[in-house]
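To be precise, the following lines are final.txt, and they hold compact mmCIF, C-alpha atoms.
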# COMPACT_ATOMS: atom_id res chain seq x y z
CA MET A 26 11.46 44.23 4.38
CA ILE A 27 9.25 41.55 5.96
CA ARG A 28 7.35 39.39 3.46
CA GLN A 29 3.58 39.77 3.56
CA ASP A 30 3.02 36.33 2.07
CA TYR A 31 4.84 33.01 1.94
CA ALA A 32 7.49 32.21 -0.65
CA ALA A 33 6.20 30.76 -3.91
CA GLY A 34 7.92 27.43 -3.22
CA LEU A 35 6.21 27.07 0.14
CA LYS A 36 2.87 27.89 -1.45
CA VAL A 37 3.38 25.14 -4.01
CA LEU A 38 4.33 22.69 -1.26
CA HIS A 39 1.29 23.70 0.80
CA TRP A 40 -1.23 23.15 -1.99
CA VAL A 41 0.39 19.99 -3.32
CA ILE A 42 0.40 18.45 0.18
CA ALA A 43 -3.17 19.66 0.79
CA ALA A 44 -4.39 18.07 -2.46
CA LEU A 45 -2.60 14.81 -1.66
CA ILE A 46 -4.06 14.70 1.85
CA PHE A 47 -7.61 15.29 0.61
CA PHE A 48 -7.18 12.52 -1.95
CA MET A 49 -5.55 10.20 0.60
CA LEU A 50 -8.36 10.66 3.12
CA TYR A 51 -10.92 9.90 0.44
CA LEU A 52 -8.97 6.89 -0.81
CA GLY A 53 -8.40 5.59 2.71
CA TRP A 54 -12.12 5.51 3.45
CA THR A 55 -13.26 4.10 0.11
CA MET A 56 -10.63 1.66 -1.16
CA GLY A 57 -11.82 -1.17 1.11
CA GLY A 58 -15.09 -1.27 -0.81
CA ILE A 59 -13.55 -1.65 -4.28
CA GLU A 60 -14.85 -4.92 -5.73
CA ASN A 61 -12.35 -5.49 -8.56
CA VAL A 62 -9.33 -7.13 -6.91
CA VAL A 63 -6.77 -5.65 -9.30
CA GLU A 64 -8.15 -2.14 -8.85
CA LYS A 65 -8.33 -2.67 -5.09
CA ILE A 66 -4.67 -3.73 -4.88
CA GLN A 67 -3.66 -0.80 -7.06
CA ALA A 68 -5.61 1.57 -4.80
CA TYR A 69 -3.94 0.22 -1.65
CA ASN A 70 -0.45 0.48 -3.15
CA LEU A 71 -1.21 3.98 -4.45
CA HIS A 72 -2.37 4.93 -0.93
CA LYS A 73 0.87 3.62 0.56
CA SER A 74 3.06 5.22 -2.11
CA LEU A 75 1.39 8.63 -1.79
CA GLY A 76 1.65 8.40 1.99
CA PHE A 77 5.41 7.98 1.65
CA THR A 78 5.42 10.92 -0.78
CA ILE A 79 3.57 13.11 1.73
CA LEU A 80 6.13 12.18 4.40
CA ALA A 81 9.00 13.32 2.16
CA LEU A 82 7.20 16.56 1.25
CA MET A 83 6.34 17.28 4.89
CA VAL A 84 9.98 16.86 5.94
CA LEU A 85 10.97 19.26 3.15
CA ARG A 86 8.29 21.72 4.25
CA VAL A 87 9.39 21.66 7.90
CA LEU A 88 13.01 22.23 6.93
CA TRP A 89 12.04 25.03 4.55
CA ARG A 90 9.92 26.73 7.22
CA ALA A 91 12.79 26.45 9.71
CA PHE A 92 15.04 28.55 7.48
CA THR A 93 12.44 30.92 6.01
CA ALA A 94 10.88 33.97 7.64
CA THR A 95 7.17 33.66 8.37
CA PRO A 96 4.88 36.54 7.32
CA PRO A 97 3.56 38.44 10.35
CA GLU A 98 -0.02 38.01 11.58
CA PRO A 99 -2.26 41.06 11.09
CA ALA A 100 -2.61 43.41 14.01
CA THR A 101 -6.35 42.69 14.09
CA MET A 102 -5.69 39.17 15.43
CA SER A 103 -5.96 38.87 19.20
CA GLY A 104 -3.48 36.96 21.31
CA LEU A 105 -6.04 34.17 21.79
CA GLU A 106 -6.55 33.87 18.03
CA LYS A 107 -2.81 33.66 17.46
CA LEU A 108 -2.49 30.94 20.11
CA GLY A 109 -5.39 29.00 18.55
CA ALA A 110 -3.81 29.28 15.10
CA ALA A 111 -0.46 28.06 16.42
CA LEU A 112 -2.05 25.08 18.18
CA ALA A 113 -4.13 24.21 15.11
CA HIS A 114 -1.08 24.21 12.86
CA LEU A 115 0.82 22.11 15.39
CA ALA A 116 -2.06 19.62 15.42
CA LEU A 117 -2.14 19.53 11.61
CA TYR A 118 1.58 18.84 11.35
CA GLY A 119 1.54 16.34 14.20
CA LEU A 120 -1.43 14.36 12.85
CA VAL A 121 -0.01 14.22 9.32
CA PHE A 122 3.27 12.83 10.63
CA LEU A 123 1.42 10.42 12.93
CA ILE A 124 -0.68 9.08 10.06
CA VAL A 125 2.15 8.53 7.60
CA LEU A 126 4.56 7.08 10.18
CA SER A 127 1.93 4.75 11.64
CA GLY A 128 1.09 3.72 8.07
CA TRP A 129 4.74 2.92 7.40
CA ALA A 130 4.85 0.90 10.60
CA LEU A 131 1.66 -0.93 9.56
CA ILE A 132 3.29 -1.93 6.29
CA SER A 133 6.39 -3.12 8.18
CA THR A 134 4.36 -5.33 10.55
CA SER A 135 2.01 -6.72 7.91
CA ASP A 136 2.26 -10.09 6.19
CA LYS A 137 0.69 -8.56 3.08
CA PRO A 138 2.81 -7.44 0.12
CA SER A 139 3.31 -3.72 -0.47
CA LEU A 140 4.84 -1.82 -3.36
CA LEU A 141 6.26 1.71 -3.47
CA PHE A 142 5.54 2.92 -6.99
CA GLY A 143 6.08 -0.61 -8.32
CA GLN A 144 9.09 -1.56 -6.18
CA PRO A 145 9.18 -3.51 -2.89
CA PHE A 146 8.30 -1.14 -0.06
CA PRO A 147 11.22 -0.29 2.28
CA LEU A 148 10.34 -1.66 5.70
CA LEU A 149 11.32 -0.32 9.13
CA PRO A 150 13.99 -2.73 10.46
CA TRP A 151 12.86 -2.60 14.10
CA PHE A 152 9.37 -3.84 13.21
CA VAL A 153 10.65 -6.42 10.74
CA ALA A 154 12.79 -8.00 13.48
CA LEU A 155 9.78 -8.65 15.72
CA GLY A 156 8.31 -12.11 16.14
CA PRO A 157 4.96 -13.05 14.51
CA ASP A 158 2.93 -12.65 17.72
CA GLU A 159 4.51 -9.28 18.54
CA LYS A 160 3.92 -8.07 15.00
CA LYS A 161 0.26 -9.08 15.13
CA SER A 162 -0.30 -7.32 18.47
CA ILE A 163 1.49 -4.13 17.42
CA HIS A 164 -0.19 -4.17 14.01
CA HIS A 165 -3.63 -4.11 15.62
CA ALA A 166 -2.65 -1.19 17.87
CA LEU A 167 -1.19 0.68 14.91
CA GLU A 168 -4.42 0.23 12.97
CA GLU A 169 -6.29 1.97 15.79
CA VAL A 170 -3.74 4.80 15.88
CA HIS A 171 -3.82 5.21 12.09
CA GLU A 172 -7.61 5.36 11.97
CA PHE A 173 -7.88 7.68 14.99
CA ALA A 174 -5.31 10.05 13.48
CA ALA A 175 -7.16 10.06 10.14
CA PHE A 176 -10.44 11.07 11.77
CA GLY A 177 -8.60 13.61 13.90
CA LEU A 178 -6.91 15.11 10.84
CA ALA A 179 -10.23 15.36 8.99
CA GLY A 180 -11.68 17.23 11.97
CA VAL A 181 -8.74 19.63 12.26
CA ILE A 182 -8.84 20.28 8.51
CA GLY A 183 -12.53 21.11 8.85
CA LEU A 184 -11.70 23.68 11.53
CA HIS A 185 -8.86 25.01 9.37
CA VAL A 186 -11.25 25.49 6.44
CA LEU A 187 -13.79 27.29 8.65
CA ALA A 188 -11.05 29.55 9.99
CA THR A 189 -9.96 30.31 6.42
CA ILE A 190 -13.50 31.29 5.47
CA TRP A 191 -13.65 33.56 8.54
CA HIS A 192 -10.40 35.30 7.61
CA VAL A 193 -11.58 35.78 4.00
CA ILE A 194 -14.81 37.37 5.25
CA ARG A 195 -12.83 39.64 7.61
CA ARG A 196 -10.41 40.56 4.80
CA ASP A 197 -7.54 40.63 7.29
CA GLY A 198 -4.91 39.35 4.84
CA ILE A 199 -4.40 35.89 6.35
CA TRP A 200 -5.76 34.05 3.28
CA SER A 201 -3.64 36.07 0.85
CA ARG A 202 -0.43 34.98 2.61
CA MET A 203 -0.79 31.42 1.28
CA ALA A 204 -3.21 31.93 -1.63
CA PRO A 205 -1.96 31.75 -5.21
CA ARG A 206 -1.88 35.32 -6.49
CA PHE A 207 -4.41 34.64 -9.25
CA LEU A 208 -7.18 33.68 -6.74
CA GLY A 209 -9.51 36.39 -5.61
CA GLY A 210 -11.65 36.46 -2.49
CA GLY A 211 -14.79 35.06 -4.16
CA VAL A 212 -12.89 32.09 -5.57
CA ALA A 213 -11.27 31.59 -2.17
CA VAL A 214 -14.62 31.34 -0.40
CA ALA A 215 -15.96 28.91 -3.00
CA PHE A 216 -12.85 26.75 -2.71
CA ALA A 217 -12.95 26.75 1.08
CA VAL A 218 -16.66 25.84 1.17
CA THR A 219 -16.09 23.04 -1.35
CA ALA A 220 -13.14 21.70 0.63
CA GLY A 221 -15.13 21.83 3.85
CA GLY A 222 -17.95 19.86 2.25
CA ALA A 223 -15.47 17.26 1.00
CA VAL A 224 -14.09 16.79 4.51
CA ALA A 225 -17.60 16.35 5.88
CA LEU A 226 -18.36 13.66 3.29
CA LEU A 227 -15.16 11.68 3.76
CA GLY A 228 -16.44 9.69 6.69
CA ALA A 229 -19.62 8.61 4.91
CA HIS A 230 -18.06 5.46 3.44
CA ASP A 231 -16.06 2.94 5.45
CA ALA A 232 -16.18 -0.61 4.14
CA ARG A 233 -14.10 -3.54 5.20
CA ALA A 234 -13.93 -7.06 3.84
CA SER A 235 -13.23 -10.15 5.87
CA GLU A 236 -9.81 -11.58 5.16
CA TRP A 237 -7.63 -14.61 5.77
CA SER A 238 -4.13 -14.36 7.21
CA VAL A 239 -1.72 -16.83 5.65
CA ASP A 240 1.01 -18.16 7.96
CA PRO A 241 4.22 -18.26 5.84
CA GLN A 242 5.89 -20.53 8.42
CA LYS A 243 3.29 -23.24 7.81
CA SER A 244 2.82 -22.62 4.10
CA ALA A 245 4.79 -23.31 0.93
CA ILE A 246 4.93 -22.16 -2.68
CA ALA A 247 6.83 -24.78 -4.67
CA PHE A 248 7.79 -25.65 -8.24
CA GLU A 249 8.97 -28.71 -10.11
CA ALA A 250 10.85 -28.77 -13.42
CA ASN A 251 11.99 -31.73 -15.53
CA GLY A 252 14.70 -32.18 -18.11
CA SER A 253 16.64 -35.09 -19.60
CA GLY A 254 15.57 -37.40 -16.81
CA PHE A 255 16.43 -34.94 -14.03
CA VAL A 256 13.84 -33.43 -11.69
CA THR A 257 14.47 -30.12 -9.98
CA LYS A 258 12.23 -29.20 -7.05
CA GLY A 259 12.31 -25.99 -5.11
CA THR A 260 10.40 -23.52 -2.99
CA PHE A 261 10.22 -19.78 -2.46
CA LYS A 262 10.98 -19.08 1.18
CA THR A 263 9.71 -15.52 1.25
CA PHE A 264 6.29 -14.39 0.05
CA LYS A 265 3.38 -12.25 1.16
CA SER A 266 -0.27 -12.74 0.42
CA GLU A 267 -3.74 -11.22 0.63
CA VAL A 268 -6.68 -13.61 0.61
CA GLU A 269 -10.41 -12.89 0.80
CA PHE A 270 -12.65 -15.93 0.59
CA ASP A 271 -16.11 -17.07 1.64
CA PRO A 272 -17.30 -20.57 0.62
CA SER A 273 -20.85 -19.24 0.33
CA LEU A 274 -19.75 -16.37 -1.94
CA PRO A 275 -16.91 -17.77 -4.08
CA GLU A 276 -17.47 -15.14 -6.76
CA GLN A 277 -16.19 -12.52 -4.30
CA THR A 278 -12.88 -14.32 -3.77
CA SER A 279 -9.75 -12.24 -4.24
CA VAL A 280 -6.18 -13.43 -3.98
CA ARG A 281 -2.84 -11.73 -4.33
CA VAL A 282 0.56 -13.28 -3.75
CA LEU A 283 3.86 -11.40 -4.03
CA ILE A 284 6.92 -13.67 -4.19
CA ASP A 285 10.51 -12.66 -3.50
CA VAL A 286 12.29 -14.60 -6.27
CA LYS A 287 15.65 -14.19 -4.50
CA SER A 288 14.33 -16.55 -1.84
CA VAL A 289 14.32 -19.52 -4.23
CA ASP A 290 15.69 -22.65 -2.58
CA THR A 291 16.27 -26.00 -4.32
CA GLY A 292 18.70 -27.36 -1.74
CA GLN A 293 21.47 -27.13 -4.32
CA SER A 294 23.52 -23.94 -4.23
CA ASP A 295 24.72 -24.22 -7.82
CA VAL A 296 21.15 -24.63 -9.08
CA ASP A 297 20.02 -21.70 -6.93
CA GLN A 298 22.73 -19.49 -8.42
CA THR A 299 21.70 -20.50 -11.93
CA LEU A 300 18.07 -19.67 -11.22
CA LEU A 301 19.13 -16.22 -9.95
CA SER A 302 21.00 -15.46 -13.18
CA PRO A 303 19.65 -13.06 -15.83
CA ASP A 304 18.66 -16.01 -18.04
CA PHE A 305 16.25 -17.29 -15.40
CA PHE A 306 14.60 -15.17 -12.68
CA ASP A 307 16.91 -12.12 -12.98
CA PRO A 308 16.06 -10.67 -9.52
CA ALA A 309 18.30 -7.65 -10.12
CA ARG A 310 15.72 -6.40 -12.64
CA PHE A 311 12.62 -8.28 -11.52
CA PRO A 312 12.81 -8.83 -7.73
CA THR A 313 9.24 -10.08 -7.36
CA ALA A 314 6.69 -12.31 -9.06
CA GLU A 315 3.00 -11.62 -8.56
CA PHE A 316 -0.17 -13.67 -8.83
CA VAL A 317 -3.50 -11.85 -8.74
CA ALA A 318 -6.95 -13.40 -9.11
CA SER A 319 -10.57 -12.61 -8.37
CA GLY A 320 -13.69 -14.75 -8.40
CA ALA A 321 -13.39 -18.47 -7.69
CA LYS A 322 -15.52 -20.93 -9.68
CA PRO A 323 -16.90 -23.95 -7.78
CA ALA A 324 -15.69 -27.30 -9.16
CA GLY A 325 -17.14 -29.78 -6.68
CA LYS A 326 -17.21 -30.12 -2.92
CA GLY A 327 -14.36 -28.08 -1.49
CA LYS A 328 -12.91 -27.59 -4.99
CA TYR A 329 -12.58 -24.32 -6.87
CA VAL A 330 -10.77 -22.77 -9.81
CA LEU A 331 -9.11 -19.35 -9.79
CA GLU A 332 -8.63 -17.55 -13.07
CA GLY A 333 -5.80 -15.14 -12.41
CA ARG A 334 -2.78 -13.40 -13.81
CA LEU A 335 0.85 -14.29 -13.13
CA THR A 336 3.52 -11.65 -13.64
CA LEU A 337 7.05 -13.02 -13.86
CA LYS A 338 10.10 -11.21 -15.24
CA GLY A 339 7.81 -8.35 -16.23
CA VAL A 340 5.60 -10.61 -18.35
CA ALA A 341 1.93 -11.04 -17.38
CA LYS A 342 0.00 -14.11 -18.52
CA PRO A 343 -3.37 -15.61 -17.55
CA VAL A 344 -3.07 -18.62 -15.25
CA SER A 345 -5.78 -21.03 -14.12
CA LEU A 346 -5.27 -22.41 -10.61
CA PRO A 347 -7.47 -25.29 -9.40
CA PHE A 348 -7.43 -25.59 -5.62
CA THR A 349 -9.10 -27.29 -2.69
CA ILE A 350 -9.91 -25.70 0.63
CA ALA A 351 -10.88 -27.24 3.93
CA THR A 352 -12.01 -25.02 6.80
CA THR A 353 -12.38 -25.87 10.49
CA ASN A 354 -13.13 -23.39 13.29
CA GLY A 355 -11.75 -20.39 11.42
CA ALA A 356 -8.65 -22.22 10.12
CA ALA A 357 -8.16 -23.19 6.49
CA SER A 358 -5.91 -25.51 4.54
CA VAL A 359 -5.53 -24.60 0.86
CA LYS A 360 -3.82 -26.81 -1.71
CA GLY A 361 -3.55 -26.30 -5.44
CA GLU A 362 -1.32 -26.75 -8.44
CA THR A 363 -1.08 -25.66 -12.03
CA ILE A 364 1.27 -25.85 -15.03
CA ILE A 365 2.90 -22.86 -16.68
CA ASP A 366 5.05 -22.52 -19.78
CA ARG A 367 8.28 -20.97 -18.47
CA LEU A 368 9.37 -19.93 -21.96
CA GLU A 369 6.34 -17.64 -22.24
CA PHE A 370 7.77 -15.70 -19.30
CA GLY A 371 11.33 -15.70 -20.64
CA VAL A 372 12.58 -17.95 -17.84
CA GLY A 373 15.59 -20.01 -18.92
CA PRO A 374 16.70 -21.34 -22.30
CA LYS A 375 15.40 -24.49 -23.98
CA SER A 376 18.46 -26.41 -22.82
CA VAL A 377 21.14 -26.08 -20.12
CA ALA A 378 24.67 -27.43 -20.63
CA GLY A 379 23.40 -29.52 -23.53
CA TYR A 380 20.51 -31.00 -21.55
CA ALA A 381 17.00 -30.32 -22.79
CA VAL A 382 14.73 -28.74 -20.17
CA GLU A 383 10.98 -29.09 -20.50
CA LYS A 384 9.10 -25.85 -20.94
CA ASP A 385 6.27 -26.89 -18.60
CA VAL A 386 6.83 -26.23 -14.89
CA LYS A 387 4.46 -27.35 -12.16
CA LEU A 388 3.62 -24.74 -9.55
CA SER A 389 1.96 -25.77 -6.30
CA ILE A 390 0.67 -24.05 -3.18
CA ASP A 391 0.09 -25.42 0.29
CA LEU A 392 -1.24 -22.69 2.55
CA ALA A 393 -2.33 -22.58 6.18
CA ALA A 394 -4.55 -19.61 7.01
CA LEU A 395 -6.63 -18.18 9.84
CA LYS A 396 -9.76 -16.12 9.32
CA LEU A 397 -9.45 -12.57 10.53
CA THR A 398 -12.37 -11.00 12.37
CA ASN A 399 -13.28 -7.32 12.01
Give the structure from the file, written as structure tokens.
Amino acid sequence: MIRQDYAAGLKVLHWVIAALIFFMLYLGWTMGGIENVVEKIQAYNLHKSLGFTILALMVLRVLWRAFTATPPEPATMSGLEKLGAALAHLALYGLVFLIVLSGWALISTSDKPSLLFGQPFPLLPWFVALGPDEKKSIHHALEEVHEFAAFGLAGVIGLHVLATIWHVIRRDGIWSRMAPRFLGGGVAVAFAVTAGGAVALLGAHDARASEWSVDPQKSAIAFEANGSGFVTKGTFKTFKSEVEFDPSLPEQTSVRVLIDVKSVDTGQSDVDQTLLSPDFFDPARFPTAEFVASGAKPAGKGKYVLEGRLTLKGVAKPVSLPFTIATTNGAASVKGETIIDRLEFGVGPKSVAGYAVEKDVKLSIDLAALKLTN
């Protein structure tokens, strides 16, 4: 006997993916306007993580559909209507895959840090291997593709909702094939109208903030530790950053830096190995350190202070970072340093091999950045 509706599992997949896509479209068009830097970063990483989730669910759905019989269309549908429905579904599937894959490629070509549900985002090797200029060029093109596909998907979803309302009014059984069994026709119409209104409102908000692109090749994040007359200096070779800054509006400054602690380099292999041990940075459990701050306070000509939060080894503590910035023709040089108590973060013991190690560690930044234009 041929099924008259889809399997329960496919229905669940359909509505879960639909809900995620609606939320993702809304988030994609509103997260750029979030003022609180921590909430903004969380929104971006949630957007990226849910995009990856949608990709996995869509692959599962395609495979499931490939091995599951599809309920037949009602005899009342004309050949033209069936062709239109097939093309609309093809467009829906194609645009969803285009959005999530272009988003993944955007993450892989970006110099900004990204997390997948709290862990470093897996990057596409082909894009990672590109040079800085190639990445920048491809990244811009991918942004256009991603945005175009998002608007296209919103439009196709709008048509899909209108078609659903039409089938409910005709009572031809199309809606019931995918509808949860507890939903009646009246509820279906209300849901479809509400969803259609949501799609129409999604494009009403599109805010972007000007940003600065930090060049890791010309920048450095360094530290200096002292103990028993010895000085250990090192840098972190790999980091990503997001910087928004306007000298005329310092209160709107937002900064985020994500550091790969495995990239620590002191020039001494034995020291590097010690720093990568569980007693110190423990990258096996805590692969990244993060600094997040919003709102810079003026402290004199070209001088500011960032009040932020440093997360290291899973411990978050407030950190004040004084810095200076000099800008010329869209280029900026940023220098700053601060002192942290490493013991507060659980980094290292009080002494190593019988030598006392001071708890205070100096952190310094020396960044070269270019202003991005929208």
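With all atoms listed in the file as the atoms that count, the minimum distance from Phe311 (chain A) to the choices A:Thr55, A:Thr363, A:Thr336, A:Ser389 is reached by A:Thr336.
Counting all atoms listed in the file, the residue from A:Gly104, A:Ile163, A:Lys396, A:His39 that sits nearest to Thr353 (chain A) is A:Lys396.
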Residues of region 72-163 of chain A at most 9 Å from region 266-285 of chain A: nearest atom pair and distance in Å, only C-alpha atoms, as JSON lines:
{"residue": "A:Asp136", "atom": "CA", "partner": "A:Ser266", "partner_atom": "CA", "distance": 6.8}
{"residue": "A:Lys137", "atom": "CA", "partner": "A:Ser266", "partner_atom": "CA", "distance": 5.0}
{"residue": "A:Pro138", "atom": "CA", "partner": "A:Leu283", "partner_atom": "CA", "distance": 5.8}
{"residue": "A:Ser139", "atom": "CA", "partner": "A:Leu283", "partner_atom": "CA", "distance": 8.5}
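The interatomic distance for the pair CA of Glu369 (chain A) and CA of Phe348 (chain A) works out to 23.0 Å.
Across the model, the gap from CA of Gly292 (chain A) to CA of Ala247 (chain A) is 12.5 Å.
For Val386 (chain A), the residues within 9 Å (counting only C-alpha atoms, excluding itself and residues fewer than 5 positions away along the chain) are A:Phe248, A:Glu249, A:Ala250, A:Asn251, A:Thr363, A:Ile364, A:Ile365, A:Asp366, A:Arg367.
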### Message
Can you measure CA of His185 (chain A) to CA of Leu52 (chain A) for me? One decimal in Å is fine.
### Response
20.8 Å
### Message
Applying 12 Å and only C-alpha atoms, which residues near Thr95 (chain A) remain after dropping the ones on its own chain fewer than 3 positions away? List them as a list of chain:residue names.
### Response
A:Ile27, A:Arg28, A:Gln29, A:Asp30, A:Tyr31, A:Ala32, A:Leu35, A:Trp89, A:Arg90, A:Ala91, A:Phe92, A:Glu98, A:Ile199, A:Arg202, A:Met203
### Message
Report as an MDAnalysis selection string all protein, DNA and RNA residues lying within 7 Å of region 172-180 of chain A, evaluated on all atoms listed in the file, omitting residues in the same chain fewer than 5 positions from it.
### Response
chainID A and resid 117 120 123:124 224
Limited to C-alpha atoms, could you put the picked residues into a file as a short mmCIF file (atom, residue, chain, number, x, y, z; two decimals), in the coordinates of the input?
data_model
loop_
_atom_site.label_atom_id
_atom_site.label_comp_id
_atom_site.auth_asym_id
_atom_site.auth_seq_id
_atom_site.Cartn_x
_atom_site.Cartn_y
_atom_site.Cartn_z
CA LEU A 117 -2.14 19.53 11.61
CA LEU A 120 -1.43 14.36 12.85
CA LEU A 123 1.42 10.42 12.93
CA ILE A 124 -0.68 9.08 10.06
CA VAL A 224 -14.09 16.79 4.51
#
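Nearest residue to Pro343 (chain A) among A:Gly371, A:Val317, A:Lys322, A:Ile182 is A:Val317, counting all atoms listed in the file.
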